[in-house]
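What follows is run-v7.tsv (TSV, C-alpha atoms).
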```
chain	number	residue	atom	x	y	z
A	1	MET	CA	-11.12	229.49	-13.58
A	2	GLY	CA	-11.33	225.78	-12.95
A	3	LEU	CA	-14.71	224.29	-12.21
A	4	PHE	CA	-13.52	221.86	-9.55
A	5	THR	CA	-10.62	223.66	-7.92
A	6	LYS	CA	-10.70	226.85	-5.89
A	7	ASP	CA	-8.15	228.92	-7.79
A	8	ILE	CA	-8.38	232.11	-5.71
A	9	LYS	CA	-6.39	231.57	-2.55
A	10	THR	CA	-5.07	235.05	-1.69
A	11	MET	CA	-6.07	238.71	-2.06
A	12	ASP	CA	-3.43	238.96	-4.81
A	13	ASP	CA	-5.28	236.20	-6.71
A	14	LEU	CA	-8.62	237.95	-6.17
A	15	PHE	CA	-7.15	241.28	-7.27
A	16	LEU	CA	-5.70	239.77	-10.44
A	17	HIS	CA	-8.97	237.99	-11.25
A	18	THR	CA	-10.96	241.21	-10.86
A	19	LEU	CA	-8.40	243.13	-12.93
A	20	GLN	CA	-8.88	240.54	-15.69
A	21	ASP	CA	-12.64	241.02	-15.31
A	22	ILE	CA	-12.52	244.81	-15.82
A	23	TYR	CA	-9.97	244.36	-18.65
A	24	TYR	CA	-12.52	242.13	-20.41
A	25	ALA	CA	-15.28	244.65	-19.65
A	26	GLU	CA	-13.37	247.64	-21.05
A	27	ASN	CA	-12.51	245.67	-24.19
A	28	GLN	CA	-16.16	244.70	-24.65
A	29	ILE	CA	-17.03	248.40	-24.44
A	30	LEU	CA	-14.49	249.22	-27.15
A	31	LYS	CA	-16.16	246.58	-29.32
A	32	ASN	CA	-19.80	247.46	-28.62
A	33	LEU	CA	-19.90	251.23	-28.05
A	34	PRO	CA	-19.44	252.16	-31.75
A	35	LYS	CA	-22.58	250.14	-32.65
A	36	MET	CA	-24.50	251.99	-29.94
A	37	ILE	CA	-23.24	255.41	-31.11
A	38	GLU	CA	-24.61	254.71	-34.62
A	39	LYS	CA	-28.11	254.48	-33.17
A	40	VAL	CA	-27.98	257.86	-31.40
A	41	THR	CA	-29.91	260.89	-32.73
A	42	ASN	CA	-29.01	263.63	-30.20
A	43	ARG	CA	-25.72	265.26	-31.19
A	44	GLU	CA	-24.53	266.03	-27.65
A	45	LEU	CA	-25.09	262.40	-26.69
A	46	SER	CA	-23.30	261.13	-29.75
A	47	GLY	CA	-20.36	263.49	-29.13
A	48	GLY	CA	-20.16	262.50	-25.46
A	49	LEU	CA	-20.13	258.78	-26.26
A	50	LYS	CA	-17.48	259.23	-28.99
A	51	ASN	CA	-15.35	261.10	-26.49
A	52	HIS	CA	-15.80	258.28	-23.96
A	53	LEU	CA	-14.78	255.74	-26.61
A	54	GLU	CA	-11.44	257.56	-26.95
A	55	GLU	CA	-11.10	257.66	-23.15
A	56	THR	CA	-11.80	253.92	-22.98
A	57	LYS	CA	-8.85	253.20	-25.31
A	58	LYS	CA	-6.56	254.98	-22.87
A	59	GLN	CA	-8.16	253.19	-19.92
A	60	VAL	CA	-7.32	249.85	-21.53
A	61	GLU	CA	-3.71	251.02	-21.88
A	62	ARG	CA	-3.66	252.01	-18.21
A	63	LEU	CA	-4.95	248.56	-17.26
A	64	GLU	CA	-2.12	247.07	-19.32
A	65	GLN	CA	0.32	249.17	-17.28
A	66	VAL	CA	-1.28	247.79	-14.10
A	67	PHE	CA	-0.72	244.21	-15.31
A	68	GLU	CA	2.88	245.13	-16.11
A	69	LYS	CA	3.49	246.63	-12.65
A	70	LEU	CA	2.24	243.39	-11.13
A	71	GLY	CA	4.60	241.39	-13.37
A	72	GLU	CA	1.66	239.84	-15.21
A	73	LYS	CA	0.65	239.65	-18.87
A	74	PRO	CA	-2.63	241.45	-19.74
A	75	LYS	CA	-5.36	238.83	-19.86
A	76	ALA	CA	-9.15	239.00	-19.94
A	77	THR	CA	-11.41	236.68	-17.99
A	78	ASP	CA	-15.08	236.19	-18.82
A	79	CYS	CA	-17.29	238.77	-17.15
A	80	PRO	CA	-20.92	237.57	-17.15
A	81	ALA	CA	-21.96	240.87	-15.55
A	82	MET	CA	-20.73	243.05	-18.42
A	83	ASP	CA	-22.02	240.49	-20.96
A	84	GLY	CA	-25.44	240.78	-19.32
A	85	ILE	CA	-25.39	244.58	-19.25
A	86	ILE	CA	-24.47	244.71	-22.95
A	87	LYS	CA	-27.04	242.03	-23.89
A	88	GLU	CA	-29.72	244.03	-22.09
A	89	ALA	CA	-28.63	247.24	-23.85
A	90	ASP	CA	-28.85	245.51	-27.26
A	91	GLU	CA	-32.26	244.04	-26.51
A	92	ILE	CA	-33.73	247.33	-25.36
A	93	ALA	CA	-32.20	249.29	-28.26
A	94	GLY	CA	-33.74	246.79	-30.66
A	95	ASN	CA	-37.15	247.21	-29.06
A	96	VAL	CA	-37.56	250.99	-29.11
A	97	ALA	CA	-39.50	252.41	-32.06
A	98	ASP	CA	-39.11	256.17	-31.41
A	99	LYS	CA	-35.76	257.95	-32.01
A	100	GLU	CA	-35.99	260.26	-29.01
A	101	VAL	CA	-37.10	257.46	-26.68
A	102	LEU	CA	-34.16	255.42	-28.04
A	103	ASP	CA	-31.75	258.20	-27.00
A	104	ALA	CA	-33.14	258.05	-23.44
A	105	ALA	CA	-32.77	254.24	-23.45
A	106	ILE	CA	-29.17	254.48	-24.71
A	107	ILE	CA	-28.28	256.92	-21.92
A	108	ALA	CA	-29.72	254.46	-19.37
A	109	ALA	CA	-27.72	251.60	-20.88
A	110	ALA	CA	-24.51	253.64	-20.94
A	111	GLN	CA	-25.01	254.64	-17.30
A	112	ALA	CA	-25.46	250.98	-16.32
A	113	VAL	CA	-22.08	250.31	-17.98
A	114	GLU	CA	-20.47	253.28	-16.17
A	115	HIS	CA	-21.83	252.16	-12.81
A	116	TYR	CA	-20.45	248.65	-13.29
A	117	GLU	CA	-17.04	250.13	-13.97
A	118	ILE	CA	-17.32	252.56	-11.05
A	119	THR	CA	-18.00	249.72	-8.61
A	120	ARG	CA	-15.20	247.53	-10.00
A	121	TYR	CA	-12.61	250.34	-9.97
A	122	GLY	CA	-13.70	251.36	-6.45
A	123	THR	CA	-13.16	247.79	-5.27
A	124	LEU	CA	-9.83	247.37	-7.08
A	125	ILE	CA	-8.51	250.64	-5.63
A	126	ALA	CA	-9.46	249.61	-2.07
A	127	TRP	CA	-7.76	246.24	-2.57
A	128	ALA	CA	-4.65	247.81	-4.16
A	129	GLU	CA	-4.39	250.10	-1.11
A	130	ALA	CA	-4.68	247.13	1.27
A	131	LEU	CA	-2.02	245.30	-0.75
A	132	GLY	CA	0.33	248.32	-0.85
A	133	HIS	CA	0.32	248.71	-4.66
A	134	ASP	CA	0.60	252.50	-4.69
A	135	GLU	CA	1.32	253.09	-8.37
A	136	VAL	CA	-1.53	250.78	-9.29
A	137	VAL	CA	-3.84	252.87	-7.09
A	138	ARG	CA	-2.88	255.97	-9.07
A	139	LEU	CA	-3.57	254.38	-12.47
A	140	LEU	CA	-6.90	252.90	-11.39
A	141	THR	CA	-7.98	256.17	-9.78
A	142	THR	CA	-7.52	257.96	-13.11
A	143	ASN	CA	-9.84	255.43	-14.74
A	144	LEU	CA	-12.37	255.69	-11.90
A	145	ASN	CA	-12.48	259.47	-12.13
A	146	GLU	CA	-13.07	259.32	-15.89
A	147	GLU	CA	-15.95	256.86	-15.42
A	148	LYS	CA	-17.54	259.07	-12.78
A	149	ALA	CA	-17.20	262.13	-15.05
A	150	ALA	CA	-18.71	260.18	-17.98
A	151	ASP	CA	-21.66	259.14	-15.81
A	152	LYS	CA	-22.29	262.75	-14.73
A	153	LYS	CA	-22.05	263.98	-18.31
A	154	LEU	CA	-24.73	261.46	-19.31
A	155	THR	CA	-27.01	262.72	-16.53
A	156	THR	CA	-26.50	266.28	-17.79
A	157	VAL	CA	-27.32	265.32	-21.38
A	158	ALA	CA	-30.43	263.45	-20.19
A	159	GLU	CA	-31.76	266.11	-17.89
A	160	ARG	CA	-30.43	269.50	-18.88
A	161	LYS	CA	-29.96	268.96	-22.59
A	162	GLY	CA	-33.53	267.82	-22.84
A	163	VAL	CA	-33.26	264.19	-24.01
A	164	ASN	CA	-35.77	263.04	-21.39
A	165	GLN	CA	-38.14	265.96	-21.97
A	166	LYS	CA	-38.14	265.45	-25.75
A	167	ALA	CA	-38.68	261.73	-25.32
A	168	ALA	CA	-41.54	262.29	-22.85
A	169	SER	CA	-43.36	264.88	-24.95
B	1	MET	CA	-40.82	241.80	-25.46
B	2	GLY	CA	-41.50	240.55	-28.97
B	3	LEU	CA	-38.54	239.59	-31.11
B	4	PHE	CA	-39.87	241.01	-34.35
B	5	THR	CA	-41.89	244.04	-33.25
B	6	LYS	CA	-40.65	247.19	-31.56
B	7	ASP	CA	-42.83	247.18	-28.47
B	8	ILE	CA	-41.46	250.32	-26.83
B	9	LYS	CA	-43.03	253.28	-28.59
B	10	THR	CA	-43.24	255.95	-25.86
B	11	MET	CA	-41.40	257.02	-22.71
B	12	ASP	CA	-44.25	255.48	-20.73
B	13	ASP	CA	-43.50	252.15	-22.39
B	14	LEU	CA	-39.78	252.52	-21.68
B	15	PHE	CA	-40.48	253.49	-18.07
B	16	LEU	CA	-42.74	250.47	-17.56
B	17	HIS	CA	-40.19	248.13	-19.15
B	18	THR	CA	-37.40	249.42	-16.89
B	19	LEU	CA	-39.68	249.20	-13.85
B	20	GLN	CA	-40.30	245.53	-14.73
B	21	ASP	CA	-36.53	245.11	-15.07
B	22	ILE	CA	-35.74	246.44	-11.58
B	23	TYR	CA	-38.72	244.48	-10.16
B	24	TYR	CA	-37.13	241.31	-11.56
B	25	ALA	CA	-33.72	242.40	-10.21
B	26	GLU	CA	-34.99	243.05	-6.67
B	27	ASN	CA	-36.80	239.70	-6.62
B	28	GLN	CA	-33.62	237.95	-7.77
B	29	ILE	CA	-31.80	239.59	-4.87
B	30	LEU	CA	-34.45	238.31	-2.43
B	31	LYS	CA	-33.84	234.82	-3.84
B	32	ASN	CA	-30.04	234.89	-3.98
B	33	LEU	CA	-28.88	237.06	-1.08
B	34	PRO	CA	-29.64	234.46	1.64
B	35	LYS	CA	-27.31	231.96	-0.09
B	36	MET	CA	-24.58	234.63	-0.17
B	37	ILE	CA	-25.09	235.52	3.52
B	38	GLU	CA	-24.50	231.85	4.48
B	39	LYS	CA	-20.98	232.08	3.02
B	40	VAL	CA	-19.96	235.16	5.04
B	41	THR	CA	-17.55	234.92	7.99
B	42	ASN	CA	-17.33	238.56	9.20
B	43	ARG	CA	-20.20	239.31	11.57
B	44	GLU	CA	-20.57	242.98	10.64
B	45	LEU	CA	-20.85	242.00	6.98
B	46	SER	CA	-23.33	239.26	7.71
B	47	GLY	CA	-25.45	241.63	9.85
B	48	GLY	CA	-25.34	244.36	7.20
B	49	LEU	CA	-26.45	241.99	4.44
B	50	LYS	CA	-29.28	240.56	6.58
B	51	ASN	CA	-30.45	244.10	7.23
B	52	HIS	CA	-30.37	244.85	3.51
B	53	LEU	CA	-32.39	241.69	2.82
B	54	GLU	CA	-35.16	243.09	5.03
B	55	GLU	CA	-34.90	246.45	3.26
B	56	THR	CA	-35.16	244.70	-0.10
B	57	LYS	CA	-38.51	243.14	0.89
B	58	LYS	CA	-39.87	246.64	1.52
B	59	GLN	CA	-38.36	247.90	-1.72
B	60	VAL	CA	-40.26	245.23	-3.62
B	61	GLU	CA	-43.47	246.39	-1.93
B	62	ARG	CA	-42.70	250.00	-2.91
B	63	LEU	CA	-42.21	248.88	-6.52
B	64	GLU	CA	-45.61	247.18	-6.34
B	65	GLN	CA	-47.09	250.50	-5.20
B	66	VAL	CA	-45.45	252.17	-8.21
B	67	PHE	CA	-47.10	249.65	-10.57
B	68	GLU	CA	-50.41	250.32	-8.84
B	69	LYS	CA	-50.08	254.10	-9.20
B	70	LEU	CA	-49.51	253.60	-12.92
B	71	GLY	CA	-52.60	251.38	-13.15
B	72	GLU	CA	-50.45	248.35	-13.98
B	73	LYS	CA	-50.10	244.88	-12.45
B	74	PRO	CA	-46.64	244.11	-10.98
B	75	LYS	CA	-44.72	242.13	-13.56
B	76	ALA	CA	-41.09	241.15	-13.96
B	77	THR	CA	-39.24	241.17	-17.24
B	78	ASP	CA	-35.99	239.29	-17.79
B	79	CYS	CA	-32.96	241.32	-16.77
B	80	PRO	CA	-29.80	239.83	-18.33
B	81	ALA	CA	-27.71	242.45	-16.50
B	82	MET	CA	-28.76	241.29	-13.01
B	83	ASP	CA	-28.58	237.65	-14.11
B	84	GLY	CA	-24.99	238.29	-15.21
B	85	ILE	CA	-24.04	240.09	-12.00
B	86	ILE	CA	-25.45	237.23	-9.88
B	87	LYS	CA	-23.83	234.56	-12.08
B	88	GLU	CA	-20.48	236.31	-11.68
B	89	ALA	CA	-20.96	236.55	-7.91
B	90	ASP	CA	-21.71	232.82	-7.69
B	91	GLU	CA	-18.72	231.90	-9.84
B	92	ILE	CA	-16.29	233.99	-7.83
B	93	ALA	CA	-17.69	232.83	-4.49
B	94	GLY	CA	-17.23	229.24	-5.62
B	95	ASN	CA	-13.63	229.91	-6.59
B	96	VAL	CA	-12.27	231.48	-3.41
B	97	ALA	CA	-10.50	229.14	-1.00
B	98	ASP	CA	-9.80	231.49	1.93
B	99	LYS	CA	-12.62	232.68	4.24
B	100	GLU	CA	-11.35	236.23	4.66
B	101	VAL	CA	-10.66	236.64	0.94
B	102	LEU	CA	-14.19	235.31	0.34
B	103	ASP	CA	-15.62	238.09	2.54
B	104	ALA	CA	-13.80	240.69	0.43
B	105	ALA	CA	-15.13	239.03	-2.76
B	106	ILE	CA	-18.69	239.00	-1.39
B	107	ILE	CA	-18.49	242.72	-0.58
B	108	ALA	CA	-17.36	243.40	-4.17
B	109	ALA	CA	-20.24	241.32	-5.54
B	110	ALA	CA	-22.78	243.03	-3.29
B	111	GLN	CA	-21.50	246.46	-4.34
B	112	ALA	CA	-21.87	245.51	-8.02
B	113	VAL	CA	-25.51	244.65	-7.24
B	114	GLU	CA	-26.01	247.96	-5.39
B	115	HIS	CA	-24.50	249.97	-8.24
B	116	TYR	CA	-26.80	248.31	-10.77
B	117	GLU	CA	-29.77	249.29	-8.64
B	118	ILE	CA	-28.44	252.81	-8.10
B	119	THR	CA	-28.14	253.41	-11.84
B	120	ARG	CA	-31.60	251.96	-12.60
B	121	TYR	CA	-33.35	253.93	-9.84
B	122	GLY	CA	-31.50	257.10	-10.90
B	123	THR	CA	-32.78	256.63	-14.45
B	124	LEU	CA	-36.32	255.75	-13.38
B	125	ILE	CA	-36.53	258.82	-11.14
B	126	ALA	CA	-35.34	261.13	-13.94
B	127	TRP	CA	-37.92	259.61	-16.30
B	128	ALA	CA	-40.72	259.76	-13.71
B	129	GLU	CA	-39.92	263.47	-13.25
B	130	ALA	CA	-40.05	264.08	-17.01
B	131	LEU	CA	-43.37	262.20	-17.15
B	132	GLY	CA	-44.82	264.09	-14.18
B	133	HIS	CA	-45.30	261.02	-11.94
B	134	ASP	CA	-44.59	262.81	-8.65
B	135	GLU	CA	-45.70	260.12	-6.19
B	136	VAL	CA	-43.71	257.55	-8.12
B	137	VAL	CA	-40.62	259.78	-7.80
B	138	ARG	CA	-41.06	259.76	-4.02
B	139	LEU	CA	-41.31	255.97	-3.76
B	140	LEU	CA	-38.34	255.35	-6.07
B	141	THR	CA	-36.22	257.95	-4.26
B	142	THR	CA	-36.71	256.04	-0.99
B	143	ASN	CA	-35.40	252.89	-2.68
B	144	LEU	CA	-32.49	254.79	-4.26
B	145	ASN	CA	-31.43	256.29	-0.94
B	146	GLU	CA	-31.48	252.86	0.71
B	147	GLU	CA	-29.30	251.40	-2.04
B	148	LYS	CA	-26.81	254.25	-1.72
B	149	ALA	CA	-26.69	253.80	2.06
B	150	ALA	CA	-26.19	250.02	1.66
B	151	ASP	CA	-23.32	250.64	-0.76
B	152	LYS	CA	-21.62	253.05	1.66
B	153	LYS	CA	-22.08	250.62	4.55
B	154	LEU	CA	-20.32	247.93	2.51
B	155	THR	CA	-17.40	250.29	1.85
B	156	THR	CA	-17.16	250.96	5.60
B	157	VAL	CA	-17.17	247.26	6.44
B	158	ALA	CA	-14.49	246.61	3.80
B	159	GLU	CA	-12.20	249.46	4.71
B	160	ARG	CA	-12.75	250.50	8.30
B	161	LYS	CA	-13.90	247.20	9.78
B	162	GLY	CA	-10.80	245.55	8.38
B	163	VAL	CA	-12.18	242.97	5.91
B	164	ASN	CA	-9.69	244.03	3.24
B	165	GLN	CA	-6.76	244.24	5.67
B	166	LYS	CA	-7.47	240.79	7.14
B	167	ALA	CA	-7.85	239.34	3.66
B	168	ALA	CA	-4.60	240.95	2.48
B	169	SER	CA	-2.51	239.84	5.45
```
Full structure transcribed into C-alpha cells:
Amino acid sequence: MGLFTKDIKTMDDLFLHTLQDIYYAENQILKNLPKMIEKVTNRELSGGLKNHLEETKKQVERLEQVFEKLGEKPKATDCPAMDGIIKEADEIAGNVADKEVLDAAIIAAAQAVEHYEITRYGTLIAWAEALGHDEVVRLLTTNLNEEKAADKKLTTVAERKGVNQKAAS
Amino acid sequence: MGLFTKDIKTMDDLFLHTLQDIYYAENQILKNLPKMIEKVTNRELSGGLKNHLEETKKQVERLEQVFEKLGEKPKATDCPAMDGIIKEADEIAGNVADKEVLDAAIIAAAQAVEHYEITRYGTLIAWAEALGHDEVVRLLTTNLNEEKAADKKLTTVAERKGVNQKAAS
C-alpha cells in the first residue's frame, strides 16, 4: 500500500487487500504454530494444535484457489494485527515458569489467533456475497467453519480436559 | 514483564497479566474509537459506534472493580495484539478513497477489535471460574455480553442496513 496515495477505491480492492491480509496471517500461523506446539505439555492440546496445523495448510490452498477465481496471483500483505497477536503469544510463552500454566496461556494465545481469523473470514464472506462471488463464498466458509471448530475444541481442552483446573491447583 | 526472568509462576499471575492486557486494550479503544467515528458516513454505524464508546467507559470501570476485588491496583500492560489491530485499522482507513467502501472497512476493523475482546474475556472468565473468583466472573461476563452484542450489531449494520451493498455497487 502506498503511503501517499489511497489505493483502495472499490469494494473489489478492499476485498483483495483483506484476502492478502488473511493469506499473510495463515502463512504466519504455518510458520509459528510448530514452535508453539513444542512448548505444550498436555497431550490433547498438542494433538489438537498439530491437527489444526494440517488444516491450516489446506486453508492456505483454499485461499490460493480464491485468488485464482478472482484472476489474481496469491500475494500476502503485511498484517500488523496478526504480527501483534503472535508477538504477544511469544512474549507470554517466554514469561511463564510453570508447565501447566503455560498450557493455559498457549490455549489463550491460540484462541486469540482463531478469533482474528473468524472475524476476517466472516467479513470476507459478507463482502464476497455482496460482490456476487459465490464460489469464493463456499471456499471461505469452509475455512471459517474450521476456525470455529478449532476454537471450540480449544475451549473443550481448557475446560473439560482439565488444563485450567490443573493450572489453577 | 522482565526480559530475563519468568514472572508468571501461577494461574493468578497469568490471570492478572491478562487482566492488565485487556485493561490496556479497552483504554486504547477509548483513545482511538473517536478518531474512527469521525471518518464514518453511515449514520447507523456512527450511532452504533458512539453507543459502544459509552459502553467501553463502563467496561473500563468494571475492570477497575475486578482489580479491586483481587486486591490489586488497576494497571495496564502493553498489548501488542491490540496495538497491531489498531495500527492495521488506521492503515486501511487511510488507504480507502471511497466513503462507502470506508464504512465497510471501518466495520471490519471494529469487528476485529470486538473479536479480540471476546476471546480475552472468554479466557478470563474460564480462568476466574477455575480460580473461584465468582464476583469477578459476573463483572467480566457483563463485558463479554456487551462485546458480543456490539459485534452482532455491526454485522446487522453491514448486511441489513446496506453498508456492504452500497459499497459494492
Which residues of chain A come within 7 Å of chain B, and for each one, what is the closest pair of atoms and their distance in Å to one decimal, counting all atoms listed in the file, sorted by chain and residue number, as a Markdown table?
```
| residue | atom | partner | partner_atom | distance |
| --- | --- | --- | --- | --- |
| A:Lys6 | CA | B:Asn95 | CA | 4.3 |
| A:Asp7 | CA | B:Asn95 | CA | 5.7 |
| A:Ile8 | CA | B:Val96 | CA | 4.6 |
| A:Lys9 | CA | B:Ala97 | CA | 5.0 |
| A:Thr10 | CA | B:Val101 | CA | 6.4 |
| A:Met11 | CA | B:Ala168 | CA | 5.3 |
| A:Cys79 | CA | B:Glu88 | CA | 6.8 |
| A:Pro80 | CA | B:Gly84 | CA | 4.6 |
| A:Ala81 | CA | B:Gly84 | CA | 4.0 |
| A:Asp83 | CA | B:Gly84 | CA | 6.8 |
| A:Gly84 | CA | B:Ala81 | CA | 4.0 |
| A:Ile85 | CA | B:Ala81 | CA | 4.2 |
| A:Lys87 | CA | B:Pro80 | CA | 6.6 |
| A:Glu88 | CA | B:Pro80 | CA | 5.6 |
| A:Gly94 | CA | B:Lys6 | CA | 7.0 |
| A:Asn95 | CA | B:Lys6 | CA | 4.3 |
| A:Val96 | CA | B:Ile8 | CA | 4.6 |
| A:Ala97 | CA | B:Lys9 | CA | 5.0 |
| A:Asp98 | CA | B:Lys9 | CA | 5.6 |
| A:Val101 | CA | B:Met11 | CA | 5.9 |
| A:Ala108 | CA | B:Thr123 | CA | 6.2 |
| A:Gln111 | CA | B:Thr119 | CA | 6.4 |
| A:Ala112 | CA | B:Thr119 | CA | 5.8 |
| A:His115 | CA | B:His115 | CA | 5.7 |
| A:Tyr116 | CA | B:Ala112 | CA | 6.3 |
| A:Thr119 | CA | B:Ala112 | CA | 5.7 |
| A:Thr123 | CA | B:Ala108 | CA | 6.2 |
| A:Trp127 | CA | B:Asn164 | CA | 6.5 |
| A:Ala130 | CA | B:Gln165 | CA | 5.7 |
| A:Leu131 | CA | B:Ala168 | CA | 6.0 |
| A:Asn164 | CA | B:Ala130 | CA | 6.2 |
| A:Gln165 | CA | B:Ala130 | CA | 5.6 |
| A:Ala167 | CA | B:Met11 | CA | 6.0 |
| A:Ala168 | CA | B:Met11 | CA | 5.3 |
```
Near-Lys50 of chain A list (9 Å; only C-alpha atoms; drop same-chain fewer than 4 positions) as a PyMOL selection string: chain A and resi 33-34+37+45-46+54-55
With all atoms of segment 80-96 of chain A from the file as input, state the centre and edge lengths in Å to one decimal of the axis-aligned box that has 4 Å extra on each side, as AutoDock Vina command-line options.
```
--center_x -29.1 --center_y 244.3 --center_z -23.1 --size_x 24.8 --size_y 21.4 --size_z 23.1
```
Length of the atom CA of Thr41 of chain A to atom CA of Asp103 of chain A vector [Å]: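 Pair atom CA of Thr41 of chain A / atom CA of Asp103 of chain A returns 6.6 Å.
The spacing separating atom CA of Gly47 of chain A from atom CA of Leu139 of chain A amounts to 25.3 Å.
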Distance of atom CA of Ile125 of chain B from atom CA of His52 of chain B, expressed in Å to one decimal place: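 Separating atom CA of His52 of chain B from atom CA of Ile125 of chain B is a distance of 21.2 Å.
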Selection: 9 Å around Val136 of chain B, only C-alpha atoms, excl. self and same-chain fewer than 5 positions, as a PyMOL selection string: chain B and resi 63+65-67+69-70+125+128-129+141
Test item: which residues lie within 10 Å of (-11.1, 246.6, -18.8) counting all atoms listed in the file, as a ChimeraX atom specification: /A:18-30,56-57,59-64,74-77,117,120-121,143
